[in-house]
Structure formats: C-alpha cells, structure tokens
Amino acid sequence: MSRVCLRRRLSSTSTSNTPPSPSWSPQAAFATATERARAGTLSPQDAHHLFDELFRQATPVPERSLDGFLAALGRAASSEACRDGPSLALTLFNRLCREEAGRRVAPPTIYTYGILMNCCCRVRRPDLGLAFFGRLLRTGLKTNEVVASTLLKCLCCAKRADEAVNVLLHRMSRCVPNSFSYNIVLKSLCDDSRSQRALGLLQMMAKGGVCSPNVLSYNTVIHGFFKEGEIGKACNLFHEMTKQGFVPNVVTYNSVINALCKARAMDNAESFLRQMVDNGVPPDKVTYTSIIHGYSTLGRWKEATKMFRETTSRGHIPDIVTRNSFMDSLCKHGRSKEAAEIFFSMAARGHKPDIVSCTILLHGYGNEGSFSDMMSLFNSMEGGGIVADCQVFNILIAAYAKRGMIDEAMLIFTEMLGQGVNPSVVTYSTLIAALCRTGRLADAMDKFSQMVGTGVQPDTVVYHSLIQGFCTHGDLVKAKELISEMMNKGMICPNIAFFNSIVDSLCKEGRVMDAHHIFDLVKDIGEKPDVIMFNTLIDGYCLVGEMGKAFMVLDVMTSAGIEPDAIAYSTLVSGYCKSGRIDDGLILFREEMLHKKVKPTIVTYNIILEGLFRAGRTVAAKKMLHEIIGSGTPVSMHTYDIFLRGLCRNNCANEAIVLFQKSRAMNVKFNITTLNTMINAFYKGDRREEANDLFAALPASGLVPNASTYGVMIQILLKEGAVEEADNMFSSMEKSGCAPSSRLVNDVIRTLLEKGEIVKAGKYMSKVDGKSISLDASTSSLLLSLFSGNGKYREQIQLLPAKYQFFGGIS
C-alpha cells in the first residue's frame, strides 16, 4: 500500500474505534510490504504506517505474514529508502509489544523470536538477542533447532564461545544439534584464533558424535589454521578430510592455495591447483587471483602473466580489482609495459578501466621516467570519461619533481588549477621539496605563501623541506626563522636526526664548514649535538684532510660531556692513515684510545692494518695481526682480505700464499674478493696450476666468479701469451652475465695490439660503445703510434673496425 493511500485512510478516521474496513487485508498489505522490503524500496515511515493501519483495523495478521515481513527486513541490504532493516524490524516488534492490540493482531511465534535474535546479531547487539531468548523461554514456547542455532550464534557474537560449546554439548536436550549449529561454534573458535580447540570439536564430531561434520566444517577449521600461520596443521587436516571421504570443494582449495601463495610456496600452490582441476573442481576467480598475486610478489612475471591468460581462457574474466592488483604489482617492480598491456586489454574486452587503474599505471610510468607514455595516458583520460582528481595530478607532479624537471612539474600544477582541482598539502609539499633541492628557495617560499593564502595548512613535511633547503644553501637565518614559526604553531620541530642527515650530506660533498655552521645552529636553537653529529663532523674534516680541525671537534665533544667512542677514534685514525700520517694515527690509537679504555673494534684494527700496508710496513702489520688475535677481537673476512692483499702488494706473495693455505686448512670461508687476490698471487708466483685449480673450485665453494675474477684470469693469460684461452675466458664472462669493465677491455685491446693480434684487438674494439666502455688515453695513444705515419702496423689498418681507421690518416 502506498504512503499516500495510508495517509488518506488515516486522515479519514479520527479514532481507533472505527470499524475495520472490509477492503483492507492485512495478509495482502504485509505481502506487499515484504516485497518492497526485499527490493529495498520500503522506508521506515511506510513500515510504521503499515503498523498504524494494523492497530487501527485490529484485524489479526497471519503468523507467516508477520514473520515473513520481519525476516525480509532482517535480511535487507542497506538502501536509500532504508539504511538499517534489522534495526527497523526490532523497533517494529517492540512497538508491537507496547500496543494494546499487539498480542491480539500479531502474536509472536517461535519463528518470530528466531528472526529477532538474528537481527540482534546483525546490528551487533548479541546481548539483546540473548534477552529475546530469555523472553521466549518465559512464554512457554518450545524451542527448535533453528532457535537453538541462533542462540549459539548470539553467544558466539558476544565472544562467549566457551559457553556456546557447553550449550552445544550438554544443554541442547530439547533439540538435537545439527551440523549448522556445530559450524557456527567452529567458526567462532577459529575467528578467536582458537583453531586447535575447534579441531578437538571437529574430531569429536568425526568420531561418531550426535552430528557428523561436513565439508564446511573442515573448510572452517582449515581456514582457521591458515589464518593463524599453522600451515602444517592445515595441510594435515586437508589430507585427513580426503581420507575420511569428504571431497574438497572450491572453497577448500582456495583456502589452501591462498595460504601457500602468501607463504611464497608457489610450487606447492600450483600443485594444488592441478590437483583441483584433476579432481573436477573448476578454479574460480579467487583461485587465480591468489596465484597471480603470489607470482607477482615473487617477481615471477612470466608465470603470473601465464596464469592471468589462463584465467581468461577458462572464461573467468578477471574483475577490475584483480586487474588493478596485478597492474599494481607489475608497476611496483618496474614493469609498466606489461601493466599497460593489461590496462589496454580491458577496454578491448569491454571492461572500462577506472580511475584506480589510471592512477596505478600513471604511477608506474612516472617511476620509470616514461613521461611520454604518462602524459599520453593522462590526456586520454578525459576522452574515456575519467575525471582527473588531486591524486592523479600529485602523481604527475611527483614524477617530474623526482627527476629534477621542476618546470614541467610547475606546468602540471598550473593545469591542475585550470581544471578546478584544488591542490592538497601533498601537492604543495612535493613542489616545495623539489624547489628546495634545486636551490630555488625564492620560488619555494612563493609556493609556501600561495599555500597558506589558499587555506591549505602547511604540515611538518613542508617546514622540514624548507628548513633543509635553507640549511643546505647557507641561509641559516631564514632556517632559524622557520623553526621559530613551527614552535609558535605548536608543531614538532626538527629533531637531532634531521640535522644529522643534513650535516652528513654536506660533509660527503666536502662542504665541512657549512656542516659546522649547522652544528652551531643546532646549539643556537637549544638542541644538543649527539655523538652521531660529532662523529660525522670528524669524518668530514678527515675527508678533506683537515686533521687539526677534526681533532678539535674531538676536544669539543669531550668538553660537551660526550665521551668519544670507538667510531670517533677509528675515524680519526683512518684520516691520519689516508693522509700518510700513520705514526700520528698509531699514537692516537695507543695513547688516547687505549689509555681511555675505549675498546677497539675490528674496524679500528682493519684501518690500522690497511695504513701499515699502504706505508710498506709489513713487519708492523704482522705484529698488529698478532695483537688483534691476542685481544680476543673476532677477525673478520675483511681483515683476511686486507692482510693478504697487503702482503701481495708489498711483494710478500709467498707469505700470503702460506697464510691463505693455513687458513683454508682451518676451514676459514673466504669471499670472492680475497680469492681474486690469491688467484693473482699464485700466477705471479709462477704457480699457474694452483691458480687454475682455485678458479675451478669456486662453484664448489658456493662462490660465483665476478667481473674482477674474470679480469684477473684474462689479463694473466694474455701476459703469458695464451690468447685463445684468454678469448675463451672473456666469452665465458659475457655468457655468465658479468659486464666487462672499460678498464679491462682497454687492457685487453692494448695487450693484443702489442702482440700483433690486430684482428682480435679489432673484435674487442667493436665492444666500445662510448658510454659504459670507451677508449682511454693509453689505448688511443698506442693506436696512434702503431697505425699512423710510420707506425709499425700502418699497412694493417684495414683490419680494424671502420670507425677506427681514421688513425691511419693521422701523421
């Protein structure tokens, strides 16, 4: 009945004593209202008008009509007409109980109470559901399996699973619990991460209890174990399920496959997929989505793409969420081309990409610097009916800003304003940070003013970008002003870690005085420099060779009440060693560091060893090694590498070989860098066979030859005149994926030219690309002397690649 008709009826009567209209049928009225509730078009006002009419007419409504109506409201999804059907059902029932004619026209039944208890669970008020159950018991109505199951549901919703188990096993005397009842309790236990308790209940069912488990019972507990990370228990239960004769369905397989994919056990996941197909259970979109995501996470794009195609070929058109998820994985791993194929295949198959799809692909293009593709996609969005929002513009601006293309980023910002899209704090933050990085501080402040003027409040990220920019470019007065502004606004000011990063960057650039000014600023604003800042400044002065100033910082550090640590002393010792003042470094080590009982680390000892060997003081280095071992400091692999390289560099290759062999006998595991040193040492000591054996044994040691390994082998083979062997070694290097260095290629070219191997030298010259590999001055000079004027090989100039034959025309 329409709302208008109801109002007319209400307005035509003034009292509730009016005789019932013979044309009004409660059964028909409730049937119509039930259909509207299911369709989502019944409003609360219409429902209350229906009950107004029911009480006014005082005509009893059939039990099924009332129960059907309340059940429809209880199950109704939220709609524009009615946001909360279950709550409305409870309100109407309470009204029914309050009205005088309520019990005469619509007496509640056992089914009514079951519906109301379910509504209470849906509105997350299980306590009310239990109250309704108490009211039911007081009416004297007999309970049935449906109400008993609903009671269990209320207990579980109230997080009273143990009581639910007790009711299930001991207090359901009037009705035998069914599998539905058991499954409610099993799910509640698993949701509470008590899958082991659920397993006990399941096993009780399987051993011949009042109710046998079904596939849903097993699925629930298997999923619970997976959710708790108990993969082994879940798989054992899966096999137990099949042993008991239960056939796993698509939900079972999906639960197993999804968990295995999350655990990155893709081979096992695919094995279950094949088993699933063999057992006649067709995979669905959920199955394929799990496997696609699993392969994507591992970066196994071929398998992920293959699975994506398989799902399509089986008639499961991946939805937009699946496609977006796969595209996102591809883009995050730098594979925007493959993501673009999926994006454009959507439109071809009639699945319109949404703004999320566009955002993902734009982000992928931006991260890879594919600006042409990025802008092409952006310009096509409007034609596809997709309106660019703030996030889209932020992605474009960030992509250009990240690459230092500030003018392009500013153009996008202007376009954003032109389209009426309001910039967010992220937009301004990105632009301001980029402008500060490139030193355009005036422009950054203009954007800051514009931001404030448009009502967008700057956050700490914006202030930090500006402060860092002014600190880096020397305007500490303005930086201090911005810090004061932050303090006045009650914002969190930059901490010492923030300033440490600035000091570190400046020191690495060699701008130590600027870094020292930041140090002074930190003290001016009331912060205390920490040990990291002091150590960074010491390192900065050491890098530029200002050892006196570095030592002064150490004194200031002590005066500030911060005891220098092993890092501070090690940094100073390293500075002295690198500047050729090894004795000063040793004095600092013995008279300062050890005297103050600062325990040296292996890093400290390695620095001293490196300095001693660089100064040619091998005897002192040997004594230092004994001191290291005697101090109980664990010797690192780097220590062995320094010592062996130092001996070889100082013409003590035989001693290095003896130490190396002793260490190997003690099962010391060397890295590839050390082994490269020793291969070279064996060759220089005329022990070629041992060098070859060491090279051949690398795979057995679990080590992979790198470019340096191959370089050592090739250069020594060439020096011995083994040109063919060297050529083969170079081919092996390229096949293994090791890119030759420019230095190695130049060494090979010069060696071959000096040996008169013009054709072979020409082959290596063709590898010069002018980018990663280019001819150095020594090689060019040799070519000039050999092929120009009266050069030794002038007549063979035609054997060189065409682009190098110009050397023959230079006299």
# chains A, B, ... in the order shown; residues from 1 in each chain; ligands from 1
$ residues_around --residues "segment 613-627 of chain A" --least-positions-apart "6" --cutoff "9 Å" --atoms "only C-alpha atoms" --output "PyMOL selection string"
chain A and resi 577-578+580+582+605+639+642-643+645-647+649-650+652
$ write_last_selection --atoms "all heavy atoms" --output "mmCIF file, in the first residue's frame"
data_model
loop_
_atom_site.group_PDB
_atom_site.id
_atom_site.type_symbol
_atom_site.label_atom_id
_atom_site.label_comp_id
_atom_site.auth_asym_id
_atom_site.auth_seq_id
_atom_site.Cartn_x
_atom_site.Cartn_y
_atom_site.Cartn_z
ATOM 1 N N CYS A 577 95.863 7.876 8.636
ATOM 2 C CA CYS A 577 96.445 6.863 7.736
ATOM 3 C C CYS A 577 96.328 7.292 6.274
ATOM 4 O O CYS A 577 97.277 7.178 5.494
ATOM 5 C CB CYS A 577 95.767 5.518 7.950
ATOM 6 S SG CYS A 577 96.151 4.738 9.535
ATOM 7 N N LYS A 578 95.130 7.808 5.887
ATOM 8 C CA LYS A 578 94.915 8.192 4.489
ATOM 9 C C LYS A 578 95.720 9.427 4.098
ATOM 10 O O LYS A 578 96.026 9.611 2.914
ATOM 11 C CB LYS A 578 93.416 8.440 4.250
ATOM 12 C CG LYS A 578 92.609 7.147 4.213
ATOM 13 C CD LYS A 578 91.121 7.412 4.073
ATOM 14 C CE LYS A 578 90.355 6.106 4.051
ATOM 15 N NZ LYS A 578 88.895 6.310 4.031
ATOM 16 N N GLY A 580 98.705 9.882 5.097
ATOM 17 C CA GLY A 580 100.120 9.493 5.173
ATOM 18 C C GLY A 580 100.754 9.719 6.532
ATOM 19 O O GLY A 580 101.971 9.670 6.663
ATOM 20 N N ILE A 582 100.685 7.869 9.389
ATOM 21 C CA ILE A 582 100.395 6.628 10.093
ATOM 22 C C ILE A 582 100.871 6.669 11.541
ATOM 23 O O ILE A 582 100.224 6.152 12.445
ATOM 24 C CB ILE A 582 101.002 5.418 9.333
ATOM 25 C CG1 ILE A 582 100.654 4.101 10.043
ATOM 26 C CG2 ILE A 582 102.494 5.569 9.161
ATOM 27 C CD1 ILE A 582 99.227 3.714 10.012
ATOM 28 N N TYR A 605 91.046 -1.947 13.961
ATOM 29 C CA TYR A 605 92.245 -2.719 13.620
ATOM 30 C C TYR A 605 92.427 -2.821 12.104
ATOM 31 O O TYR A 605 93.549 -2.731 11.587
ATOM 32 C CB TYR A 605 92.152 -4.128 14.220
ATOM 33 C CG TYR A 605 92.420 -4.177 15.712
ATOM 34 C CD1 TYR A 605 91.433 -4.565 16.609
ATOM 35 C CD2 TYR A 605 93.671 -3.829 16.222
ATOM 36 C CE1 TYR A 605 91.673 -4.616 17.980
ATOM 37 C CE2 TYR A 605 93.924 -3.880 17.590
ATOM 38 C CZ TYR A 605 92.926 -4.272 18.457
ATOM 39 O OH TYR A 605 93.181 -4.320 19.807
ATOM 40 N N THR A 639 89.368 -8.493 7.333
ATOM 41 C CA THR A 639 90.729 -8.473 7.898
ATOM 42 C C THR A 639 91.651 -9.370 7.074
ATOM 43 O O THR A 639 92.774 -8.975 6.717
ATOM 44 C CB THR A 639 90.706 -8.968 9.363
ATOM 45 O OG1 THR A 639 89.681 -8.284 10.073
ATOM 46 C CG2 THR A 639 92.057 -8.731 10.039
ATOM 47 N N ILE A 642 92.358 -7.695 3.740
ATOM 48 C CA ILE A 642 93.350 -6.610 3.858
ATOM 49 C C ILE A 642 94.758 -7.186 3.997
ATOM 50 O O ILE A 642 95.707 -6.717 3.356
ATOM 51 C CB ILE A 642 93.021 -5.717 5.081
ATOM 52 C CG1 ILE A 642 91.740 -4.917 4.830
ATOM 53 C CG2 ILE A 642 94.180 -4.774 5.404
ATOM 54 C CD1 ILE A 642 91.201 -4.234 6.082
ATOM 55 N N PHE A 643 94.886 -8.197 4.868
ATOM 56 C CA PHE A 643 96.203 -8.754 5.154
ATOM 57 C C PHE A 643 96.803 -9.446 3.927
ATOM 58 O O PHE A 643 97.966 -9.216 3.573
ATOM 59 C CB PHE A 643 96.112 -9.747 6.319
ATOM 60 C CG PHE A 643 97.401 -9.901 7.063
ATOM 61 C CD1 PHE A 643 97.763 -8.998 8.054
ATOM 62 C CD2 PHE A 643 98.289 -10.921 6.752
ATOM 63 C CE1 PHE A 643 98.964 -9.119 8.738
ATOM 64 C CE2 PHE A 643 99.485 -11.051 7.417
ATOM 65 C CZ PHE A 643 99.833 -10.151 8.417
ATOM 66 N N ARG A 645 95.949 -9.024 0.722
ATOM 67 C CA ARG A 645 96.220 -8.038 -0.327
ATOM 68 C C ARG A 645 97.443 -7.205 0.023
ATOM 69 O O ARG A 645 98.255 -6.871 -0.843
ATOM 70 C CB ARG A 645 95.011 -7.122 -0.528
ATOM 71 C CG ARG A 645 93.942 -7.691 -1.444
ATOM 72 C CD ARG A 645 92.901 -6.680 -1.875
ATOM 73 N NE ARG A 645 92.107 -6.174 -0.762
ATOM 74 C CZ ARG A 645 92.196 -4.956 -0.267
ATOM 75 N NH1 ARG A 645 93.063 -4.103 -0.759
ATOM 76 N NH2 ARG A 645 91.433 -4.573 0.745
ATOM 77 N N GLY A 646 97.577 -6.856 1.310
ATOM 78 C CA GLY A 646 98.731 -6.057 1.745
ATOM 79 C C GLY A 646 100.043 -6.788 1.533
ATOM 80 O O GLY A 646 101.036 -6.195 1.064
ATOM 81 N N LEU A 647 100.076 -8.080 1.854
ATOM 82 C CA LEU A 647 101.295 -8.872 1.631
ATOM 83 C C LEU A 647 101.629 -8.930 0.147
ATOM 84 O O LEU A 647 102.793 -8.764 -0.252
ATOM 85 C CB LEU A 647 101.116 -10.286 2.197
ATOM 86 C CG LEU A 647 101.099 -10.405 3.732
ATOM 87 C CD1 LEU A 647 100.723 -11.832 4.146
ATOM 88 C CD2 LEU A 647 102.474 -10.046 4.323
ATOM 89 N N ARG A 649 100.742 -6.837 -2.201
ATOM 90 C CA ARG A 649 101.119 -5.515 -2.685
ATOM 91 C C ARG A 649 102.562 -5.159 -2.310
ATOM 92 O O ARG A 649 103.223 -4.405 -2.990
ATOM 93 C CB ARG A 649 100.156 -4.464 -2.108
ATOM 94 C CG ARG A 649 100.233 -3.105 -2.808
ATOM 95 C CD ARG A 649 99.419 -2.048 -2.078
ATOM 96 N NE ARG A 649 98.034 -2.438 -1.964
ATOM 97 C CZ ARG A 649 97.337 -2.391 -0.827
ATOM 98 N NH1 ARG A 649 97.909 -1.987 0.284
ATOM 99 N NH2 ARG A 649 96.077 -2.753 -0.808
ATOM 100 N N ASN A 650 103.035 -5.744 -1.213
ATOM 101 C CA ASN A 650 104.386 -5.455 -0.735
ATOM 102 C C ASN A 650 105.370 -6.576 -1.065
ATOM 103 O O ASN A 650 106.344 -6.794 -0.340
ATOM 104 C CB ASN A 650 104.351 -5.188 0.776
ATOM 105 C CG ASN A 650 103.748 -3.835 1.119
ATOM 106 O OD1 ASN A 650 104.413 -2.813 1.032
ATOM 107 N ND2 ASN A 650 102.468 -3.827 1.478
ATOM 108 N N CYS A 652 105.210 -9.782 -0.937
ATOM 109 C CA CYS A 652 105.298 -10.913 0.003
ATOM 110 C C CYS A 652 104.243 -11.956 -0.380
ATOM 111 O O CYS A 652 103.523 -12.481 0.483
ATOM 112 C CB CYS A 652 105.077 -10.449 1.430
ATOM 113 S SG CYS A 652 106.261 -9.233 2.014
#
$ select_by_dssp --residues "segment 129-365 of chain A" --states "helix (DSSP H, G or I)" --output "PyMOL selection string"
chain A and resi 129-139+145-157+161-170+179-191+195-206+215-227+231-243+250-262+266-278+285-297+301-313+320-332+336-348+355-365
$ closest_residue --among "A:Ile342, A:Cys157, A:Val748, A:Val531" --to "Val123 of chain A" --atoms "only C-alpha atoms"
A:Cys157
$ residues_around --residues "segment 676-692 of chain A" --least-positions-apart "5" --cutoff "9 Å" --atoms "only C-alpha atoms" --output "list of chain:residue names"
A:Asp641, A:Leu644, A:Arg645, A:Cys648, A:Ala653, A:Asn654, A:Ala656, A:Ile657, A:Phe660, A:Asn671, A:Ala697, A:Pro705, A:Ser708, A:Thr709, A:Tyr710, A:Val712, A:Met713, A:Ile716
$ residues_around --residues "Ala234 of chain A" --least-positions-apart "4" --cutoff "8 Å" --atoms "only C-alpha atoms" --output "PDB file with C-alpha atoms, in the first residue's frame"
ATOM      1  CA  VAL A 221      38.986 -25.227  10.666  1.00  0.00           C
ATOM      2  CA  ILE A 222      41.448 -25.464   7.748  1.00  0.00           C
ATOM      3  CA  HIS A 223      40.978 -21.745   7.079  1.00  0.00           C
ATOM      4  CA  PHE A 225      44.764 -22.802  10.926  1.00  0.00           C
ATOM      5  CA  PHE A 226      45.959 -20.953   7.829  1.00  0.00           C
ATOM      6  CA  GLU A 230      49.731 -23.067  11.149  1.00  0.00           C
ATOM      7  CA  PHE A 238      43.141 -31.285   4.441  1.00  0.00           C
ATOM      8  CA  VAL A 256      44.872 -23.847   0.803  1.00  0.00           C
TER       9      VAL A 256
END
$ residues_around --residues "Val522 of chain A" --least-positions-apart "4" --cutoff "12 Å" --atoms "only C-alpha atoms" --output "list in words"
Cys471, Leu476, Ala479, Lys480, Ile483, Cys493, Pro494, Asn495, Ile496, Ala497, Phe498, Phe499, Asn500, Ile502, Val503, Ala515, His516, His517, Ile518, Gly526, Glu527, Lys528, Pro529, Asp530, Met533 and Phe534 of chain A
$ residues_around --residues "Met205 of chain A" --least-positions-apart "5" --cutoff "10 Å" --atoms "only C-alpha atoms" --output "tab-separated table (two decimals) with N, CA, C and O atoms, in the first residue's frame"
chain	number	residue	atom	x	y	z
A	179	SER	N	24.55	-29.99	11.98
A	179	SER	CA	25.86	-29.53	11.51
A	179	SER	C	25.92	-28.02	11.44
A	179	SER	O	26.98	-27.42	11.65
A	182	TYR	N	26.95	-26.81	14.90
A	182	TYR	CA	28.37	-27.06	15.13
A	182	TYR	C	29.23	-26.09	14.32
A	182	TYR	O	30.25	-25.58	14.82
A	199	LEU	N	39.51	-27.82	16.31
A	199	LEU	CA	39.89	-29.14	15.78
A	199	LEU	C	39.42	-30.24	16.73
A	199	LEU	O	38.93	-31.29	16.28
A	200	GLY	N	39.56	-30.02	18.04
A	200	GLY	CA	39.08	-31.01	19.01
A	200	GLY	C	37.60	-31.26	18.86
A	200	GLY	O	37.13	-32.41	18.91
A	210	VAL	N	26.80	-36.88	17.91
A	210	VAL	CA	25.39	-36.77	17.50
A	210	VAL	C	25.23	-36.21	16.10
A	210	VAL	O	24.19	-36.35	15.48
A	211	CYS	N	26.28	-35.56	15.62
A	211	CYS	CA	26.21	-34.94	14.28
A	211	CYS	C	27.56	-35.09	13.59
A	211	CYS	O	28.61	-34.82	14.16
A	212	SER	N	27.55	-35.56	12.35
A	212	SER	CA	28.79	-35.74	11.59
A	212	SER	C	29.20	-34.42	10.96
A	212	SER	O	28.34	-33.60	10.60
A	213	PRO	N	30.50	-34.20	10.82
A	213	PRO	CA	30.95	-32.97	10.16
A	213	PRO	C	30.65	-33.02	8.67
A	213	PRO	O	30.42	-34.09	8.10
A	214	ASN	N	30.64	-31.86	8.04
A	214	ASN	CA	30.51	-31.80	6.58
A	214	ASN	C	31.69	-31.02	6.02
A	214	ASN	O	32.61	-30.63	6.75
A	217	SER	N	32.48	-27.77	7.68
A	217	SER	CA	33.16	-27.91	8.98
A	217	SER	C	34.66	-27.96	8.79
A	217	SER	O	35.43	-27.26	9.47
$ residues_around --residues "segment 267-283 of chain A" --least-positions-apart "3" --cutoff "7 Å" --atoms "only C-alpha atoms" --output "PyMOL selection string"
chain A and resi 249-250+253+257+260-261+287
$ atom_distance --atom1 "atom CA of Tyr640 of chain A" --atom2 "atom CA of Val598 of chain A"
23.8 Å
$ atom_distance --atom1 "atom CA of Leu137 of chain A" --atom2 "atom CA of Pro60 of chain A"
23.9 Å
$ closest_residue --among "A:Ser325, A:Thr289, A:Thr91, A:Thr41" --to "Ala77 of chain A" --atoms "only C-alpha atoms"
A:Thr41
$ atom_distance --atom1 "atom CA of Ser424 of chain A" --atom2 "atom CA of Val456 of chain A"
6.9 Å
$ closest_atom_pairs --of "segment 459-577 of chain A" --to "segment 434-451 of chain A" --cutoff "9 Å" --atoms "only C-alpha atoms" --output "Markdown table"
| residue | atom | partner | partner_atom | distance |
| --- | --- | --- | --- | --- |
| A:Val462 | CA | A:Phe448 | CA | 8.3 |
| A:Ser465 | CA | A:Cys436 | CA | 6.8 |
| A:Leu466 | CA | A:Cys436 | CA | 6.4 |
| A:Ile467 | CA | A:Cys436 | CA | 9.0 |
| A:Gln468 | CA | A:Cys436 | CA | 7.8 |
| A:Gly469 | CA | A:Cys436 | CA | 4.7 |
| A:Phe470 | CA | A:Leu441 | CA | 7.3 |
| A:Thr472 | CA | A:Gly439 | CA | 8.6 |
| A:His473 | CA | A:Gly439 | CA | 6.8 |
$ closest_residue --among "A:Gly385, A:Asn183, A:Val392, A:Gly315" --to "Leu361 of chain A" --atoms "only C-alpha atoms"
A:Val392
$ closest_residue --among "A:Gly540, A:Gly68, A:Gly294, A:Gly232" --to "Ala33 of chain A" --atoms "only C-alpha atoms"
A:Gly68
